[in-house]
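Reproduced below: input-v4.json, with JSON, C-alpha atoms.
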[["chain", "number", "residue", "atom", "x", "y", "z"],
["A", 5, "MET", "CA", 162.74, 97.33, 45.82],
["A", 6, "THR", "CA", 166.30, 97.58, 44.52],
["A", 7, "PRO", "CA", 169.16, 96.26, 46.66],
["A", 8, "PRO", "CA", 171.39, 98.86, 48.29],
["A", 9, "THR", "CA", 174.50, 99.76, 46.36],
["A", 10, "ARG", "CA", 177.74, 98.20, 47.52],
["A", 11, "PRO", "CA", 180.37, 100.52, 46.05],
["A", 12, "LEU", "CA", 183.27, 98.72, 47.72],
["A", 13, "SER", "CA", 182.35, 95.19, 46.61],
["A", 14, "GLY", "CA", 185.41, 93.09, 45.95],
["A", 15, "ARG", "CA", 187.73, 95.54, 47.70],
["A", 16, "ARG", "CA", 189.94, 94.61, 50.65],
["A", 17, "ILE", "CA", 190.49, 97.45, 53.13],
["A", 18, "LEU", "CA", 192.94, 97.39, 56.04],
["A", 19, "VAL", "CA", 191.70, 99.12, 59.20],
["A", 20, "VAL", "CA", 194.35, 100.09, 61.78],
["A", 21, "GLU", "CA", 192.65, 101.54, 64.85],
["A", 22, "ASP", "CA", 193.40, 101.06, 68.56],
["A", 23, "GLU", "CA", 189.98, 102.17, 69.87],
["A", 24, "TYR", "CA", 187.88, 99.01, 69.76],
["A", 25, "LEU", "CA", 184.45, 100.64, 69.34],
["A", 26, "ILE", "CA", 185.68, 102.94, 66.57],
["A", 27, "ALA", "CA", 187.38, 100.03, 64.80],
["A", 28, "ILE", "CA", 184.21, 97.93, 64.95],
["A", 29, "GLU", "CA", 182.07, 100.80, 63.59],
["A", 30, "MET", "CA", 184.48, 101.41, 60.70],
["A", 31, "MET", "CA", 184.56, 97.72, 59.92],
["A", 32, "ARG", "CA", 180.75, 97.56, 59.90],
["A", 33, "TRP", "CA", 180.45, 100.59, 57.61],
["A", 34, "LEU", "CA", 183.00, 99.21, 55.17],
["A", 35, "GLN", "CA", 181.39, 95.76, 55.17],
["A", 36, "GLU", "CA", 177.95, 97.25, 54.57],
["A", 37, "ALA", "CA", 179.44, 98.98, 51.52],
["A", 38, "GLY", "CA", 180.65, 95.59, 50.27],
["A", 39, "ALA", "CA", 184.30, 95.69, 51.37],
["A", 40, "GLU", "CA", 186.19, 92.86, 52.93],
["A", 41, "VAL", "CA", 188.03, 94.23, 55.96],
["A", 42, "ALA", "CA", 191.55, 93.18, 56.87],
["A", 43, "GLY", "CA", 191.68, 93.57, 60.63],
["A", 44, "PRO", "CA", 190.83, 95.73, 62.29],
["A", 45, "VAL", "CA", 194.18, 95.66, 64.06],
["A", 46, "PRO", "CA", 195.19, 97.82, 67.05],
["A", 47, "ASP", "CA", 198.93, 98.19, 66.49],
["A", 48, "ALA", "CA", 201.65, 98.66, 63.89],
["A", 49, "GLU", "CA", 203.15, 95.19, 64.38],
["A", 50, "GLN", "CA", 199.91, 93.43, 63.45],
["A", 51, "ALA", "CA", 199.28, 95.87, 60.60],
["A", 52, "LEU", "CA", 202.73, 95.25, 59.13],
["A", 53, "ALA", "CA", 202.16, 91.49, 59.30],
["A", 54, "LEU", "CA", 198.85, 91.83, 57.43],
["A", 55, "ILE", "CA", 200.42, 94.03, 54.77],
["A", 56, "GLU", "CA", 202.90, 91.26, 54.01],
["A", 57, "THR", "CA", 200.32, 88.48, 53.82],
["A", 58, "GLU", "CA", 197.10, 90.04, 52.52],
["A", 59, "PRO", "CA", 196.24, 91.63, 49.18],
["A", 60, "LEU", "CA", 194.97, 95.14, 49.95],
["A", 61, "ASP", "CA", 193.19, 97.79, 47.91],
["A", 62, "ALA", "CA", 193.40, 100.59, 50.51],
["A", 63, "ALA", "CA", 193.93, 101.30, 54.20],
["A", 64, "VAL", "CA", 192.45, 103.47, 56.94],
["A", 65, "LEU", "CA", 195.03, 104.40, 59.58],
["A", 66, "ASP", "CA", 194.76, 106.00, 62.99],
["A", 67, "ILE", "CA", 197.94, 108.05, 63.55],
["A", 68, "HIS", "CA", 198.50, 107.15, 67.21],
["A", 69, "LEU", "CA", 198.15, 103.53, 68.24],
["A", 70, "ASN", "CA", 198.38, 103.33, 72.01],
["A", 71, "GLY", "CA", 200.89, 106.18, 71.90],
["A", 72, "GLU", "CA", 202.93, 104.75, 69.02],
["A", 73, "PRO", "CA", 202.92, 106.43, 65.61],
["A", 74, "VAL", "CA", 201.56, 104.55, 62.59],
["A", 75, "TYR", "CA", 204.08, 105.99, 60.13],
["A", 76, "ALA", "CA", 206.01, 102.71, 59.64],
["A", 77, "VAL", "CA", 202.75, 101.20, 58.42],
["A", 78, "ALA", "CA", 202.14, 104.16, 56.10],
["A", 79, "ASP", "CA", 205.66, 103.81, 54.69],
["A", 80, "ARG", "CA", 205.20, 100.10, 54.00],
["A", 81, "LEU", "CA", 201.85, 100.72, 52.33],
["A", 82, "THR", "CA", 203.52, 103.32, 50.10],
["A", 83, "GLU", "CA", 206.27, 100.83, 49.19],
["A", 84, "ARG", "CA", 203.61, 98.28, 48.21],
["A", 85, "GLY", "CA", 201.55, 100.83, 46.25],
["A", 86, "VAL", "CA", 198.53, 100.65, 48.57],
["A", 87, "PRO", "CA", 196.69, 103.98, 48.98],
["A", 88, "TYR", "CA", 195.77, 105.04, 52.49],
["A", 89, "LEU", "CA", 194.14, 107.78, 54.49],
["A", 90, "PHE", "CA", 194.38, 108.86, 58.10],
["A", 91, "ALA", "CA", 191.31, 108.68, 60.35],
["A", 92, "THR", "CA", 192.45, 110.29, 63.55],
["A", 93, "GLY", "CA", 191.88, 112.63, 66.43],
["A", 94, "GLU", "CA", 195.46, 113.86, 65.95],
["A", 95, "VAL", "CA", 195.52, 117.14, 64.09],
["A", 96, "ARG", "CA", 199.26, 117.26, 63.48],
["A", 97, "ILE", "CA", 200.75, 115.14, 60.73],
["A", 98, "ALA", "CA", 204.46, 114.36, 60.94],
["A", 99, "GLU", "CA", 206.92, 116.02, 58.64],
["A", 100, "GLY", "CA", 208.60, 113.86, 56.07],
["A", 101, "SER", "CA", 207.61, 111.43, 53.40],
["A", 102, "ASP", "CA", 204.34, 112.52, 51.82],
["A", 103, "TYR", "CA", 202.12, 112.06, 54.88],
["A", 104, "ARG", "CA", 200.62, 115.53, 54.53],
["A", 105, "SER", "CA", 199.43, 114.78, 51.00],
["A", 106, "HIS", "CA", 197.10, 112.05, 52.25],
["A", 107, "THR", "CA", 193.49, 112.57, 53.22],
["A", 108, "VAL", "CA", 192.96, 113.17, 56.94],
["A", 109, "LEU", "CA", 189.53, 112.52, 58.42],
["A", 110, "GLY", "CA", 189.15, 114.04, 61.87],
["A", 111, "LYS", "CA", 187.35, 112.04, 64.53],
["A", 112, "PRO", "CA", 184.51, 111.71, 65.09],
["A", 113, "ILE", "CA", 183.99, 110.37, 61.58],
["A", 114, "LEU", "CA", 180.64, 109.84, 59.91],
["A", 115, "ASP", "CA", 179.98, 106.70, 57.89],
["A", 116, "ASP", "CA", 179.30, 108.60, 54.65],
["A", 117, "GLU", "CA", 182.50, 110.61, 55.11],
["A", 118, "LEU", "CA", 184.61, 107.47, 55.51],
["A", 119, "LEU", "CA", 183.02, 105.63, 52.61],
["A", 120, "ARG", "CA", 183.33, 108.61, 50.29],
["A", 121, "ALA", "CA", 187.03, 109.01, 51.16],
["A", 122, "VAL", "CA", 187.79, 105.30, 50.69],
["A", 123, "ARG", "CA", 185.98, 105.24, 47.33],
["A", 124, "LYS", "CA", 188.04, 108.24, 46.25],
["A", 125, "LEU", "CA", 191.27, 106.49, 47.33],
["A", 126, "ILE", "CA", 190.47, 103.41, 45.29],
["A", 127, "ALA", "CA", 189.44, 105.43, 42.24],
["A", 128, "HIS", "CA", 192.95, 106.87, 41.82]]
Once more with this new file: its structure as structure tokens, please.
Amino acid sequence: MTPPTRPLSGRRILVVEDEYLIAIEMMRWLQEAGAEVAGPVPDAEQALALIETEPLDAAVLDIHLNGEPVYAVADRLTERGVPYLFATGEVRIAEGSDYRSHTVLGKPILDDELLRAVRKLIAH
């Protein structure tokens, strides 16, 4: 029997999600695909701290973190050249920057959907 493929091996993915159960599921899916997960973290402050101290290959961001927008995190990721996508229940994306050009996965998200989108992010 061949071992399962781990398409994200060696990749470090930041997960910013304020819903604990969703964050844990995303982390599990990413880890099963071979990724090392930074976080998950539930707020922008912790995410910004991780961005400054951790090497990252990509990020998965919820748009609203306990009512606060995640856009400061998205802006800092852009400045550092880290690709990201939004995984959110929020259907509206803020005007400005290039937020609307990023992939948006609507909740509920399936594991294959998330992994496919993260692989695509890293491939570019």
Please, what is the axis-aligned box for every listed atom of range 67-72 of chain A with 5 Å on each side, as centre and edge lengths in Å to one decimal, as lines of an AutoDock Vina configuration file?
center_x = 200.4
center_y = 105.7
center_z = 67.8
size_x = 15.0
size_y = 14.7
size_z = 18.5
Could you build a table of the residues in range 7-47 of chain A lying no more than 9 Å from range 120-123 of chain A, giving for each the nearest pair of atoms and their separation in Å rounded to one decimal place, using all atoms listed in the file, ordered by chain and ascending residue number, as a tab-separated table?
residue	atom	partner	partner_atom	distance
A:Pro11	CA	A:Arg123	CA	7.4
A:Leu12	CA	A:Arg123	CA	7.1
A:Ile17	CA	A:Val122	CA	8.7
A:Leu34	CA	A:Val122	CA	9.0
Pick from A:Arg80, A:Gly110, A:Ile55, A:Ala62, whichever lies nearest to Lys124 in chain A using all atoms listed in the file: A:Ala62
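For Asp47 in chain A, the list of residues within 12 Å, based on only C-alpha atoms and with local chain neighbours fewer than 4 positions off taken out, reads A:Val19, A:Val20, A:Glu21, A:Asp22, A:Glu23, A:Tyr24, A:Ala27, A:Gly43, A:Ala51, A:Leu52, A:Ala53, A:Leu54, A:Leu65, A:Asp66, A:Ile67, A:His68, A:Leu69, A:Asn70, A:Gly71, A:Glu72, A:Pro73, A:Val74, A:Tyr75, A:Ala76, A:Val77.
Proximity ranking of A:Ala98, A:Gln35, A:Ala42, A:Val86 relative to Arg10 in chain A places A:Gln35 first, based on only C-alpha atoms.
With distances restricted to only C-alpha atoms, A:Ala63 is the closest residue to Leu81 in chain A from A:Ala37, A:Ile26, A:Leu109, A:Ala63.
You will find CA of Leu25 in chain A at 10.7 Å from CA of Pro44 in chain A.
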